[in-house]
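**Student:** One structure is given below, represented as structure tokens, and several questions about it will come after.
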Amino acid sequence: MQGLFSQMKFLGHWRRALAIVWSSAPGFTIVWAIFLLVQGALPVAIVYLTKVVIDSIVAANAQGGNWDAVGDAVLYLALMGGTLLVAEVVKHLGGWIRAAQAESIADSISDMVHQQASRLDIVNYETPEYHDLMERARGESSGKPLELLESLGSSVRDGITVLAFAAILFSYAWWLPAVVILGAVPSLFVAFRLDRAYHRWWKSSSNKRRWASYFDAMLVHSDAAAEVRVFDLGRHFRNLYQGARRKIREEKLSHLRRQGLSRIAAGAFALVTAGGAVAWMAYRVLYGFASLGDLGVFYQIFSRGQSLVSSLLGSAGTVANNSLYLENLFDFLDLEPKIVGPEKPAPIFSRVSRSIRFRSVDFSYPGATRPALTDFDLELPANSVTALVGVNGAGKSTVVKLLLRFYDPDQGSVSIDGTDLRNFDPVELRRRMSVLFQFPMQYHARAGESIALGAADIESDDERVLDSSVNAGAHEFISGLPDGYETLLGKWFVDGAELSGGEWQRLALARAFYRRAPIVILDEPTSFMDSWSEADWFQRLRRMTEGRTGLLITHRFSIAKRADIIHVIDRGRILESGSHSELVRSGGAYSASWDEQMRLEGERANYGT
């Protein structure tokens, strides 16, 4: 029963794979199918013409060069030449069609993988199983739909040729087709048994391949370049990369060596059976039971026939083998996000009228040993800026992730104006939020394009880009770039301009300005800015949040004190709340931290003098 279920599952994979091929390149697929039929018939025509040419030459020789007999031989030779030319043209045109078809299908599958990766929950990126599955889906699996089509197509093409060859052989002796098949059986065994063993190894080695990719990234990626040089880690990561690659290489070559030796043995067996059959035909020619043309035909059929039968049977093994890889691709494409909206989502808000509320929220990250938030309550009043302060690991960024609905609470609820976030469409919900993360993306795009990515769902507006840049304090340094807002940023590509950490952060702030969403979330927004820039930055924040609801995550009290209300969070709970002056007077954790920060600032100032 399980075997039947497995076969039905594979049939489902085949249908999906062929549907991908058809939708990606229907025109090329039709032409490819026509060429396939032609390629199946051409070998039979060539073999038949070989017999006719040889017999006509022998007849012309026997008749002493009679012109009519010579003319027939020349005509058959011309037909043979024309057929060979057609075969050559079909071969090369077919190669070009296959390349065009492969490019279209590869791009289509990449788009499917990218689309799936962008819709899945953030939590997937935090599990090694997901990364292993992604590695397998993006690796050899991505080319398997086309390989499946080619394997099925090869089966059809070779099947046409083999049936025609079998009919010719049957005319000589009924048992000859069976000899051709018998000689190819070992190749089928090799294809089924060893290809499956290789697939099992490839699947189990995905973690090793990801480690090798990680070590490679440490050596070539710009993010790691500085520390690799400061700590002289180049040799360290090279050794780790070479060690990982050595294990992968040795295991892979071991599998390929076994495959190669087995195929040599299978080929030798096929050669012995073919030699016996050809010797039988040579005996018949020697004693006048067959012509030289028959021997030529027989030799070609056996030399090519066994190869074709082996290819035909091997295609069956390849189809099954491809199904194993397709399972990895479709397992990834079949993953479903858990953070989804209801069938009838609540109308999305245009602004926050009352407040954003966290009520009795408990939340733990998957696999975590302690909760990130416990019985957590928080209110963010509309049209005001709320600051959330606390030590690293207190739960500040978790609040942001829940508000963005990257995760859902284990217990409790998060709501906007009384509507639980789970009742909104998550995509529309996030479009109502402008976010500046602690470590914003450094997009390698033109400066103006990078700002406009804040609202990629609408047409880019140059005036809006400029206004956002001015409000974020980015206009001055962008104007000083070689091509202003048309300057390519980053050093990955030619003519790219690099920015400082603070400049990248201001550019990200401009991107958040550009969205003009009713909720503004800023996570450690001044972490790359100097103290001289903070006061100016906060005035810009006030302009950004005017008429909006803002959440400010920061460890700098000099920024937090300017918010309308401050909440101190520790170990997933709110310890105290109030304005800056109220919290300083209370003598609690905020007051103690404020005094310590002011003492350190004073020491720095004195040291500077």
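Ligands are numbered from 1 in the order shown, chains are lettered A, B, ... in the order of the structure tokens, and residues start at 1 in each chain.
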Would you kindly return, as a PDB file with N, CA, C and O atoms, in the first residue's frame, each protein, DNA or RNA residue with an atom no farther than 12 Å from any atom of A:Leu93, considering only C-alpha atoms and excluding same-chain residues fewer than 6 positions away?
**Tutor:**
```
ATOM      1  N   PHE A  28       8.603  26.801 -27.013  1.00  0.00           N
ATOM      2  CA  PHE A  28       9.806  25.977 -27.120  1.00  0.00           C
ATOM      3  C   PHE A  28       9.482  24.505 -26.871  1.00  0.00           C
ATOM      4  O   PHE A  28      10.080  23.620 -27.489  1.00  0.00           O
ATOM      5  N   VAL A  31       7.997  22.909 -30.127  1.00  0.00           N
ATOM      6  CA  VAL A  31       9.051  22.677 -31.122  1.00  0.00           C
ATOM      7  C   VAL A  31       9.946  21.532 -30.677  1.00  0.00           C
ATOM      8  O   VAL A  31      10.348  20.673 -31.480  1.00  0.00           O
ATOM      9  N   TRP A  32      10.273  21.499 -29.380  1.00  0.00           N
ATOM     10  CA  TRP A  32      11.097  20.416 -28.837  1.00  0.00           C
ATOM     11  C   TRP A  32      10.429  19.060 -29.070  1.00  0.00           C
ATOM     12  O   TRP A  32      11.099  18.087 -29.437  1.00  0.00           O
ATOM     13  N   ILE A  34       8.313  18.231 -31.456  1.00  0.00           N
ATOM     14  CA  ILE A  34       8.386  17.900 -32.891  1.00  0.00           C
ATOM     15  C   ILE A  34       9.776  17.364 -33.241  1.00  0.00           C
ATOM     16  O   ILE A  34       9.925  16.338 -33.929  1.00  0.00           O
ATOM     17  N   PHE A  35      10.815  18.042 -32.756  1.00  0.00           N
ATOM     18  CA  PHE A  35      12.184  17.595 -33.010  1.00  0.00           C
ATOM     19  C   PHE A  35      12.419  16.216 -32.411  1.00  0.00           C
ATOM     20  O   PHE A  35      13.185  15.405 -32.950  1.00  0.00           O
ATOM     21  N   LEU A  36      11.767  15.940 -31.307  1.00  0.00           N
ATOM     22  CA  LEU A  36      11.926  14.655 -30.636  1.00  0.00           C
ATOM     23  C   LEU A  36      11.461  13.509 -31.546  1.00  0.00           C
ATOM     24  O   LEU A  36      12.139  12.483 -31.685  1.00  0.00           O
ATOM     25  N   GLN A  39      13.925  13.098 -34.354  1.00  0.00           N
ATOM     26  CA  GLN A  39      15.150  12.439 -33.898  1.00  0.00           C
ATOM     27  C   GLN A  39      14.922  10.945 -33.647  1.00  0.00           C
ATOM     28  O   GLN A  39      15.847  10.145 -33.782  1.00  0.00           O
ATOM     29  N   VAL A  86      20.347  16.446 -42.273  1.00  0.00           N
ATOM     30  CA  VAL A  86      19.140  16.765 -41.492  1.00  0.00           C
ATOM     31  C   VAL A  86      19.345  16.411 -40.025  1.00  0.00           C
ATOM     32  O   VAL A  86      18.974  17.174 -39.117  1.00  0.00           O
ATOM     33  N   ALA A  87      19.959  15.255 -39.779  1.00  0.00           N
ATOM     34  CA  ALA A  87      20.218  14.830 -38.399  1.00  0.00           C
ATOM     35  C   ALA A  87      21.114  15.831 -37.673  1.00  0.00           C
ATOM     36  O   ALA A  87      20.899  16.160 -36.499  1.00  0.00           O
ATOM     37  N   ALA A  99      18.498  24.889 -24.696  1.00  0.00           N
ATOM     38  CA  ALA A  99      19.103  25.948 -23.886  1.00  0.00           C
ATOM     39  C   ALA A  99      18.095  27.058 -23.594  1.00  0.00           C
ATOM     40  O   ALA A  99      17.992  27.532 -22.456  1.00  0.00           O
ATOM     41  N   ALA A 100      17.339  27.460 -24.632  1.00  0.00           N
ATOM     42  CA  ALA A 100      16.336  28.504 -24.428  1.00  0.00           C
ATOM     43  C   ALA A 100      15.248  28.042 -23.471  1.00  0.00           C
ATOM     44  O   ALA A 100      14.785  28.795 -22.594  1.00  0.00           O
TER      45      ALA A 100
END
```
**Student:** When you look at stretch 503-510 of chain A with a cut-off of 10 Å (counting only C-alpha atoms), what residues show up, excluding the ones that are within fewer than 4 positions of it in the same chain? I need them as a CSV table (one decimal) with all heavy atoms, in the first residue's frame.
**Tutor:**
```
chain,number,residue,atom,x,y,z
A,434,SER,N,5.5,52.4,9.1
A,434,SER,CA,6.8,52.8,8.7
A,434,SER,C,7.8,52.3,9.7
A,434,SER,O,7.6,52.6,10.9
A,434,SER,CB,6.9,54.3,8.5
A,434,SER,OG,6.2,54.8,7.4
A,435,VAL,N,8.8,51.6,9.3
A,435,VAL,CA,9.7,51.0,10.3
A,435,VAL,C,11.1,51.3,9.9
A,435,VAL,O,11.5,51.2,8.8
A,435,VAL,CB,9.5,49.4,10.3
A,435,VAL,CG1,10.3,48.8,11.4
A,435,VAL,CG2,8.0,49.1,10.5
A,436,LEU,N,11.9,51.7,10.9
A,436,LEU,CA,13.3,51.8,10.8
A,436,LEU,C,13.9,50.8,11.8
A,436,LEU,O,13.8,51.0,13.0
A,436,LEU,CB,13.8,53.2,11.2
A,436,LEU,CG,15.3,53.5,11.2
A,436,LEU,CD1,15.9,53.2,9.8
A,436,LEU,CD2,15.6,54.9,11.7
A,437,PHE,N,14.5,49.8,11.2
A,437,PHE,CA,15.1,48.7,12.1
A,437,PHE,C,16.5,49.2,12.6
A,437,PHE,O,17.1,50.1,12.1
A,437,PHE,CB,15.2,47.4,11.3
A,437,PHE,CG,13.9,46.8,11.0
A,437,PHE,CD1,13.4,46.8,9.7
A,437,PHE,CD2,13.2,46.1,12.0
A,437,PHE,CE1,12.2,46.2,9.4
A,437,PHE,CE2,12.0,45.5,11.7
A,437,PHE,CZ,11.5,45.6,10.4
A,438,GLN,N,16.9,48.5,13.7
A,438,GLN,CA,18.2,48.8,14.3
A,438,GLN,C,19.3,48.7,13.3
A,438,GLN,O,20.3,49.5,13.2
A,438,GLN,CB,18.5,48.0,15.5
A,438,GLN,CG,19.8,48.3,16.2
A,438,GLN,CD,19.9,47.4,17.4
A,438,GLN,OE1,19.1,46.6,17.8
A,438,GLN,NE2,21.0,47.7,18.2
A,439,PHE,N,19.3,47.7,12.4
A,439,PHE,CA,20.3,47.4,11.4
A,439,PHE,C,19.6,47.4,10.1
A,439,PHE,O,19.3,46.4,9.5
A,439,PHE,CB,21.0,46.1,11.6
A,439,PHE,CG,21.7,46.0,13.0
A,439,PHE,CD1,21.1,45.3,14.0
A,439,PHE,CD2,22.9,46.7,13.2
A,439,PHE,CE1,21.7,45.2,15.2
A,439,PHE,CE2,23.5,46.7,14.5
A,439,PHE,CZ,22.9,45.9,15.5
A,440,PRO,N,19.3,48.6,9.5
A,440,PRO,CA,18.5,48.7,8.3
A,440,PRO,C,19.3,48.1,7.1
A,440,PRO,O,20.5,48.1,7.1
A,440,PRO,CB,18.3,50.2,8.1
A,440,PRO,CG,19.4,50.9,8.8
A,440,PRO,CD,19.7,50.0,10.0
A,441,MET,N,18.6,47.7,6.1
A,441,MET,CA,19.2,47.1,4.9
A,441,MET,C,19.9,48.2,4.1
A,441,MET,O,19.5,49.4,4.0
A,441,MET,CB,18.1,46.5,4.0
A,441,MET,CG,17.7,45.1,4.4
A,441,MET,SD,19.1,43.9,4.3
A,441,MET,CE,19.6,44.1,2.6
A,442,GLN,N,21.1,47.9,3.6
A,442,GLN,CA,21.8,48.8,2.8
A,442,GLN,C,21.6,48.3,1.3
A,442,GLN,O,22.4,47.6,0.8
A,442,GLN,CB,23.3,48.8,3.1
A,442,GLN,CG,23.6,49.2,4.6
A,442,GLN,CD,25.0,49.1,5.0
A,442,GLN,OE1,25.9,48.8,4.2
A,442,GLN,NE2,25.3,49.5,6.2
A,443,TYR,N,20.5,48.8,0.7
A,443,TYR,CA,20.2,48.4,-0.6
A,443,TYR,C,21.2,48.9,-1.7
A,443,TYR,O,21.5,50.1,-1.7
A,443,TYR,CB,18.8,48.9,-1.0
A,443,TYR,CG,17.7,48.2,-0.1
A,443,TYR,CD1,17.1,49.0,0.9
A,443,TYR,CD2,17.3,46.9,-0.3
A,443,TYR,CE1,16.1,48.4,1.6
A,443,TYR,CE2,16.3,46.3,0.4
A,443,TYR,CZ,15.7,47.1,1.4
A,443,TYR,OH,14.7,46.5,2.2
A,447,ALA,N,20.4,56.2,-5.0
A,447,ALA,CA,19.9,56.8,-3.7
A,447,ALA,C,18.4,57.1,-3.7
A,447,ALA,O,17.7,56.8,-2.8
A,447,ALA,CB,20.7,58.1,-3.5
A,448,GLY,N,17.9,57.7,-4.8
A,448,GLY,CA,16.5,58.0,-4.9
A,448,GLY,C,15.7,56.8,-4.9
A,448,GLY,O,14.6,56.7,-4.3
A,450,SER,N,16.5,53.9,-3.5
A,450,SER,CA,16.5,53.3,-2.2
A,450,SER,C,15.5,54.0,-1.3
A,450,SER,O,14.8,53.3,-0.5
A,450,SER,CB,17.9,53.5,-1.6
A,450,SER,OG,18.0,52.9,-0.4
A,451,ILE,N,15.3,55.3,-1.4
A,451,ILE,CA,14.3,55.9,-0.6
A,451,ILE,C,12.9,55.5,-1.0
A,451,ILE,O,12.0,55.2,-0.2
A,451,ILE,CB,14.4,57.5,-0.7
A,451,ILE,CG1,15.8,57.9,-0.1
A,451,ILE,CG2,13.3,58.2,0.0
A,451,ILE,CD1,16.1,59.3,-0.3
A,452,ALA,N,12.6,55.4,-2.3
A,452,ALA,CA,11.3,55.1,-2.8
A,452,ALA,C,10.9,53.6,-2.5
A,452,ALA,O,9.7,53.3,-2.6
A,452,ALA,CB,11.3,55.3,-4.4
A,453,LEU,N,11.9,52.8,-2.1
A,453,LEU,CA,11.5,51.4,-1.7
A,453,LEU,C,10.7,51.4,-0.5
A,453,LEU,O,10.0,50.4,-0.1
A,453,LEU,CB,12.8,50.6,-1.5
A,453,LEU,CG,13.6,50.2,-2.7
A,453,LEU,CD1,14.9,49.6,-2.3
A,453,LEU,CD2,12.8,49.3,-3.6
A,454,GLY,N,10.6,52.6,0.2
A,454,GLY,CA,9.7,52.6,1.4
A,454,GLY,C,8.2,52.4,1.0
A,454,GLY,O,7.4,52.1,1.9
A,465,VAL,N,10.3,61.8,-2.8
A,465,VAL,CA,11.7,61.4,-2.4
A,465,VAL,C,12.5,62.5,-1.9
A,465,VAL,O,13.1,62.4,-0.8
A,465,VAL,CB,12.4,60.8,-3.7
A,465,VAL,CG1,13.9,60.6,-3.4
A,465,VAL,CG2,11.8,59.4,-4.1
A,466,LEU,N,12.4,63.7,-2.5
A,466,LEU,CA,13.2,64.8,-2.1
A,466,LEU,C,12.7,65.3,-0.7
A,466,LEU,O,13.5,65.6,0.2
A,466,LEU,CB,13.1,66.0,-3.1
A,466,LEU,CG,13.8,67.3,-2.8
A,466,LEU,CD1,15.3,67.0,-2.6
A,466,LEU,CD2,13.5,68.3,-3.8
A,467,ASP,N,11.4,65.4,-0.5
A,467,ASP,CA,10.8,65.8,0.7
A,467,ASP,C,11.2,64.9,1.9
A,467,ASP,O,11.5,65.3,3.0
A,467,ASP,CB,9.3,65.9,0.6
A,467,ASP,CG,8.6,66.4,1.9
A,467,ASP,OD1,8.8,67.5,2.3
A,467,ASP,OD2,7.8,65.6,2.4
A,468,SER,N,11.1,63.6,1.6
A,468,SER,CA,11.5,62.6,2.6
A,468,SER,C,13.0,62.7,3.0
A,468,SER,O,13.4,62.6,4.2
A,468,SER,CB,11.2,61.2,2.1
A,468,SER,OG,9.8,61.0,1.8
A,469,SER,N,13.8,62.9,2.0
A,469,SER,CA,15.2,63.1,2.2
A,469,SER,C,15.6,64.3,3.0
A,469,SER,O,16.4,64.2,4.0
A,469,SER,CB,16.0,63.1,0.8
A,469,SER,OG,17.3,63.4,1.0
A,470,VAL,N,14.9,65.4,2.7
A,470,VAL,CA,15.1,66.6,3.5
A,470,VAL,C,14.7,66.4,5.0
A,470,VAL,O,15.4,66.8,5.9
A,470,VAL,CB,14.4,67.8,2.9
A,470,VAL,CG1,14.4,69.0,3.8
A,470,VAL,CG2,15.0,68.2,1.5
A,471,ASN,N,13.5,65.9,5.2
A,471,ASN,CA,13.0,65.7,6.5
A,471,ASN,C,13.9,64.7,7.3
A,471,ASN,O,14.0,64.8,8.6
A,471,ASN,CB,11.6,65.1,6.5
A,471,ASN,CG,10.6,66.2,6.1
A,471,ASN,OD1,10.8,67.4,6.4
A,471,ASN,ND2,9.5,65.8,5.4
A,472,ALA,N,14.5,63.8,6.7
A,472,ALA,CA,15.4,62.8,7.4
A,472,ALA,C,16.8,63.3,7.6
A,472,ALA,O,17.6,62.6,8.2
A,472,ALA,CB,15.4,61.5,6.6
A,473,GLY,N,17.1,64.5,7.0
A,473,GLY,CA,18.5,65.0,7.1
A,473,GLY,C,19.5,64.3,6.2
A,473,GLY,O,20.7,64.3,6.4
A,474,ALA,N,19.0,63.7,5.1
A,474,ALA,CA,19.8,62.9,4.2
A,474,ALA,C,20.1,63.7,2.9
A,474,ALA,O,21.0,63.4,2.2
A,474,ALA,CB,19.2,61.6,3.8
A,475,HIS,N,19.4,64.8,2.7
A,475,HIS,CA,19.5,65.6,1.4
A,475,HIS,C,20.9,66.1,1.2
A,475,HIS,O,21.5,66.1,0.1
A,475,HIS,CB,18.5,66.7,1.4
A,475,HIS,CG,18.6,67.6,0.1
A,475,HIS,ND1,18.3,67.1,-1.1
A,475,HIS,CD2,19.0,68.9,0.0
A,475,HIS,CE1,18.5,68.0,-2.0
A,475,HIS,NE2,19.0,69.1,-1.4
A,477,PHE,N,24.0,65.1,2.3
A,477,PHE,CA,25.1,64.2,1.8
A,477,PHE,C,24.7,63.5,0.5
A,477,PHE,O,25.6,63.2,-0.3
A,477,PHE,CB,25.4,63.2,2.9
A,477,PHE,CG,24.4,62.0,3.1
A,477,PHE,CD1,24.4,61.0,2.2
A,477,PHE,CD2,23.5,62.1,4.2
A,477,PHE,CE1,23.4,59.9,2.4
A,477,PHE,CE2,22.6,61.0,4.4
A,477,PHE,CZ,22.6,60.0,3.5
A,478,ILE,N,23.4,63.3,0.2
A,478,ILE,CA,23.1,62.8,-1.1
A,478,ILE,C,23.4,63.8,-2.2
A,478,ILE,O,23.9,63.4,-3.3
A,478,ILE,CB,21.6,62.4,-1.1
A,478,ILE,CG1,21.3,61.2,-0.2
A,478,ILE,CG2,21.1,62.0,-2.6
A,478,ILE,CD1,19.8,60.8,-0.1
A,489,LEU,N,24.5,53.2,-4.8
A,489,LEU,CA,25.1,53.1,-3.5
A,489,LEU,C,25.7,51.7,-3.3
A,489,LEU,O,25.2,50.7,-3.9
A,489,LEU,CB,24.0,53.4,-2.4
A,489,LEU,CG,23.4,54.8,-2.5
A,489,LEU,CD1,22.3,54.9,-1.4
A,489,LEU,CD2,24.4,55.9,-2.4
A,498,GLU,N,30.1,54.4,-1.4
A,498,GLU,CA,29.9,53.9,0.0
A,498,GLU,C,29.4,55.0,0.9
A,498,GLU,O,29.8,56.1,0.7
A,498,GLU,CB,31.1,53.2,0.5
A,498,GLU,CG,30.9,52.4,1.8
A,498,GLU,CD,29.8,51.4,1.8
A,498,GLU,OE1,28.6,51.8,2.0
A,498,GLU,OE2,30.1,50.2,1.4
A,499,LEU,N,28.6,54.7,1.9
A,499,LEU,CA,28.1,55.6,2.9
A,499,LEU,C,28.6,55.2,4.3
A,499,LEU,O,29.0,54.1,4.5
A,499,LEU,CB,26.6,55.7,2.9
A,499,LEU,CG,25.9,56.1,1.6
A,499,LEU,CD1,24.4,56.1,1.8
A,499,LEU,CD2,26.4,57.4,1.0
A,514,TYR,N,9.2,58.3,3.6
A,514,TYR,CA,8.5,58.2,2.3
A,514,TYR,C,7.2,57.4,2.4
A,514,TYR,O,6.3,57.7,1.6
A,514,TYR,CB,9.5,57.5,1.3
A,514,TYR,CG,9.0,57.4,-0.1
A,514,TYR,CD1,9.3,58.5,-1.0
A,514,TYR,CD2,8.3,56.4,-0.6
A,514,TYR,CE1,8.9,58.5,-2.3
A,514,TYR,CE2,7.9,56.3,-2.0
A,514,TYR,CZ,8.2,57.4,-2.8
A,514,TYR,OH,7.8,57.4,-4.1
A,515,ARG,N,7.1,56.4,3.3
A,515,ARG,CA,5.9,55.6,3.3
A,515,ARG,C,4.7,56.4,3.8
A,515,ARG,O,3.6,56.1,3.4
A,515,ARG,CB,6.2,54.4,4.2
A,515,ARG,CG,4.9,53.6,4.5
A,515,ARG,CD,5.2,52.1,4.9
A,515,ARG,NE,5.5,51.3,3.8
A,515,ARG,CZ,5.4,49.9,3.8
A,515,ARG,NH1,5.2,49.3,5.0
A,515,ARG,NH2,5.6,49.2,2.8
A,522,LEU,N,10.5,52.9,15.3
A,522,LEU,CA,11.9,53.2,15.2
A,522,LEU,C,12.7,52.3,16.2
A,522,LEU,O,12.5,52.6,17.4
A,522,LEU,CB,12.2,54.6,15.3
A,522,LEU,CG,11.4,55.6,14.4
A,522,LEU,CD1,11.6,57.0,14.8
A,522,LEU,CD2,11.8,55.4,13.0
A,525,PRO,N,17.1,54.0,16.5
A,525,PRO,CA,17.3,54.7,15.3
A,525,PRO,C,18.6,55.6,15.3
A,525,PRO,O,18.9,56.1,14.2
A,525,PRO,CB,16.0,55.6,15.2
A,525,PRO,CG,15.6,55.8,16.7
A,525,PRO,CD,16.0,54.5,17.3
A,526,THR,N,19.2,55.8,16.4
A,526,THR,CA,20.4,56.7,16.4
A,526,THR,C,21.6,55.9,16.8
A,526,THR,O,22.6,56.5,17.2
A,526,THR,CB,20.2,57.8,17.5
A,526,THR,OG1,20.0,57.3,18.8
A,526,THR,CG2,19.0,58.7,17.1
A,527,SER,N,21.6,54.6,16.6
A,527,SER,CA,22.7,53.8,17.0
A,527,SER,C,24.0,54.1,16.3
A,527,SER,O,25.1,53.8,16.8
A,527,SER,CB,22.4,52.3,16.9
A,527,SER,OG,22.0,52.0,15.6
A,528,PHE,N,23.9,54.6,15.1
A,528,PHE,CA,25.1,55.0,14.3
A,528,PHE,C,25.3,56.5,14.2
A,528,PHE,O,26.2,56.9,13.4
A,528,PHE,CB,24.9,54.4,12.8
A,528,PHE,CG,24.9,52.9,12.8
A,528,PHE,CD1,23.8,52.2,12.6
A,528,PHE,CD2,26.1,52.2,12.9
A,528,PHE,CE1,23.8,50.8,12.6
A,528,PHE,CE2,26.2,50.8,12.8
A,528,PHE,CZ,25.0,50.1,12.6
A,529,MET,N,24.6,57.2,15.0
A,529,MET,CA,24.7,58.7,14.9
A,529,MET,C,25.5,59.2,16.1
A,529,MET,O,25.5,58.6,17.2
A,529,MET,CB,23.3,59.3,14.9
A,529,MET,CG,22.5,59.1,13.7
A,529,MET,SD,20.9,59.9,13.7
A,529,MET,CE,20.1,59.2,12.3
A,537,TRP,N,18.0,65.1,15.1
A,537,TRP,CA,17.3,64.0,14.6
A,537,TRP,C,15.9,63.9,15.3
A,537,TRP,O,14.9,63.6,14.6
A,537,TRP,CB,18.0,62.7,14.9
A,537,TRP,CG,17.3,61.5,14.5
A,537,TRP,CD1,17.3,60.9,13.3
A,537,TRP,CD2,16.4,60.8,15.4
A,537,TRP,NE1,16.4,59.8,13.3
A,537,TRP,CE2,15.8,59.7,14.6
A,537,TRP,CE3,15.9,60.9,16.7
A,537,TRP,CZ2,14.9,58.8,15.1
A,537,TRP,CZ3,15.0,60.0,17.2
A,537,TRP,CH2,14.5,59.0,16.4
A,540,ARG,N,13.3,66.1,13.8
A,540,ARG,CA,12.8,65.5,12.5
A,540,ARG,C,11.8,64.4,12.8
A,540,ARG,O,10.8,64.2,12.1
A,540,ARG,CB,14.0,64.9,11.7
A,540,ARG,CG,15.0,66.0,11.3
A,540,ARG,CD,16.2,65.3,10.5
A,540,ARG,NE,17.2,66.3,10.3
A,540,ARG,CZ,17.2,67.3,9.4
A,540,ARG,NH1,16.2,67.4,8.6
A,540,ARG,NH2,18.2,68.1,9.3
A,541,LEU,N,12.1,63.6,13.9
A,541,LEU,CA,11.1,62.6,14.3
A,541,LEU,C,9.8,63.2,14.6
A,541,LEU,O,8.7,62.6,14.3
A,541,LEU,CB,11.7,61.8,15.5
A,541,LEU,CG,10.7,60.8,16.2
A,541,LEU,CD1,10.3,59.7,15.2
A,541,LEU,CD2,11.3,60.2,17.5
A,544,MET,N,8.0,63.8,11.6
A,544,MET,CA,7.6,62.5,11.0
A,544,MET,C,6.3,62.0,11.6
A,544,MET,O,5.5,61.4,11.0
A,544,MET,CB,8.7,61.6,11.0
A,544,MET,CG,8.5,60.2,10.4
A,544,MET,SD,9.9,59.1,10.6
A,544,MET,CE,9.3,57.6,9.7
```
**Student:** Mind checking which residues fall within 10 Å of stretch 337-345 of chain A, counting only C-alpha atoms, ignoring those fewer than 5 positions away in the same chain, and posting them as a VMD selection string?
**Tutor:** chain A and resid 116 119 to 124 405 to 408 421 to 429
**Student:** As an MDAnalysis selection string, please: the residues near A:Arg573 (cut-off 7 Å, only C-alpha atoms, same-chain neighbours under 2 positions excluded).
**Tutor:** chainID A and resid 373:374 376 569:571 575
**Student:** Can those selected residues be exported to a file as a PDB file, in the first residue's frame so that it contains N, CA and C atoms?
**Tutor:**
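Writing the result to selection11.pdb gives the following:
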```pdb
ATOM      1  N   LEU A 373       8.381  37.558  26.498  1.00  0.00           N
ATOM      2  CA  LEU A 373       7.413  38.443  27.168  1.00  0.00           C
ATOM      3  C   LEU A 373       6.541  37.592  28.082  1.00  0.00           C
ATOM      4  N   THR A 374       6.236  38.125  29.267  1.00  0.00           N
ATOM      5  CA  THR A 374       5.400  37.400  30.221  1.00  0.00           C
ATOM      6  C   THR A 374       4.335  38.333  30.787  1.00  0.00           C
ATOM      7  N   PHE A 376       2.502  40.515  29.556  1.00  0.00           N
ATOM      8  CA  PHE A 376       2.960  41.842  29.131  1.00  0.00           C
ATOM      9  C   PHE A 376       1.768  42.732  28.768  1.00  0.00           C
ATOM     10  N   ILE A 569      11.205  48.403  30.321  1.00  0.00           N
ATOM     11  CA  ILE A 569      10.932  46.976  30.212  1.00  0.00           C
ATOM     12  C   ILE A 569      12.129  46.179  30.694  1.00  0.00           C
ATOM     13  N   ASP A 570      11.863  45.094  31.404  1.00  0.00           N
ATOM     14  CA  ASP A 570      12.932  44.219  31.880  1.00  0.00           C
ATOM     15  C   ASP A 570      12.384  42.797  31.988  1.00  0.00           C
ATOM     16  N   ARG A 571      13.098  41.841  31.374  1.00  0.00           N
ATOM     17  CA  ARG A 571      12.711  40.431  31.402  1.00  0.00           C
ATOM     18  C   ARG A 571      11.256  40.223  30.964  1.00  0.00           C
ATOM     19  N   LEU A 575       8.318  47.559  33.935  1.00  0.00           N
ATOM     20  CA  LEU A 575       8.646  47.850  35.327  1.00  0.00           C
ATOM     21  C   LEU A 575       8.024  49.153  35.802  1.00  0.00           C
TER      22      LEU A 575
END
```
**Student:** Which of these residues is nearest to A:Ile57, using only C-alpha atoms: A:Asp72, A:Pro43, A:Arg446, A:Met433?
**Tutor:** A:Asp72
**Student:** How far is it from atom CA of A:Asp457 to atom CA of A:Thr554, in Å with one decimal?
**Tutor:**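 Here the two named atoms are 29.5 Å from each other.
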**Student:** Nearest to A:Ala268: which of A:Pro186, A:Gly418, A:Gly572, A:Gly82 is it, counting only C-alpha atoms?
**Tutor:** A:Pro186
**Student:** From the set A:Ala224, A:Leu163, A:Leu152, A:Val113, which residue has the shortest atom-to-atom contact distance to A:Met134, counting only C-alpha atoms?
**Tutor:**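 Smallest distance to A:Met134 is found for A:Val113.
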**Student:** List as a list in words the protein and nucleic acid residues near A:Ser577, meaning an atom at most 10 Å away when only C-alpha atoms are counted, but skip any in the same chain fewer than 2 places from it.
**Tutor:**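 So, after excluding close chain neighbours, the residues are Leu378, Ala387, Leu388, Ile565, Ile566, His567, Val568, Ile569, Ile574, Leu575, Ser579, His580, Glu582, Leu583 and Tyr590 of chain A.
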**Student:** Using DSSP assignments from the backbone, pull out every residue in stretch 402-604 of chain A that falls under strand (DSSP E or B) and give it to me as a PyMOL selection string.
**Tutor:** chain A and resi 411-416+419-420+433-436+446+488-489+497+519-523+549-553+565-570+573-578
**Student:** Enumerate the residues of stretch 343-498 of chain A with a DSSP assignment of alpha helix (DSSP H), computed from the backbone, and present them as number ranges by chain.
**Tutor:** A: 396-403, 426-431, 447-452, 462-472, 475-479
**Student:** Just want the 9 Å neighbourhood of A:Val74, counted on only C-alpha atoms, with same-chain residues fewer than 5 positions away dropped. Output as a list in words.
**Tutor:**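 Near neighbours after the sequence-gap exclusion: Val53, Ser56, Ile57, Ala69 and Leu79 of chain A.
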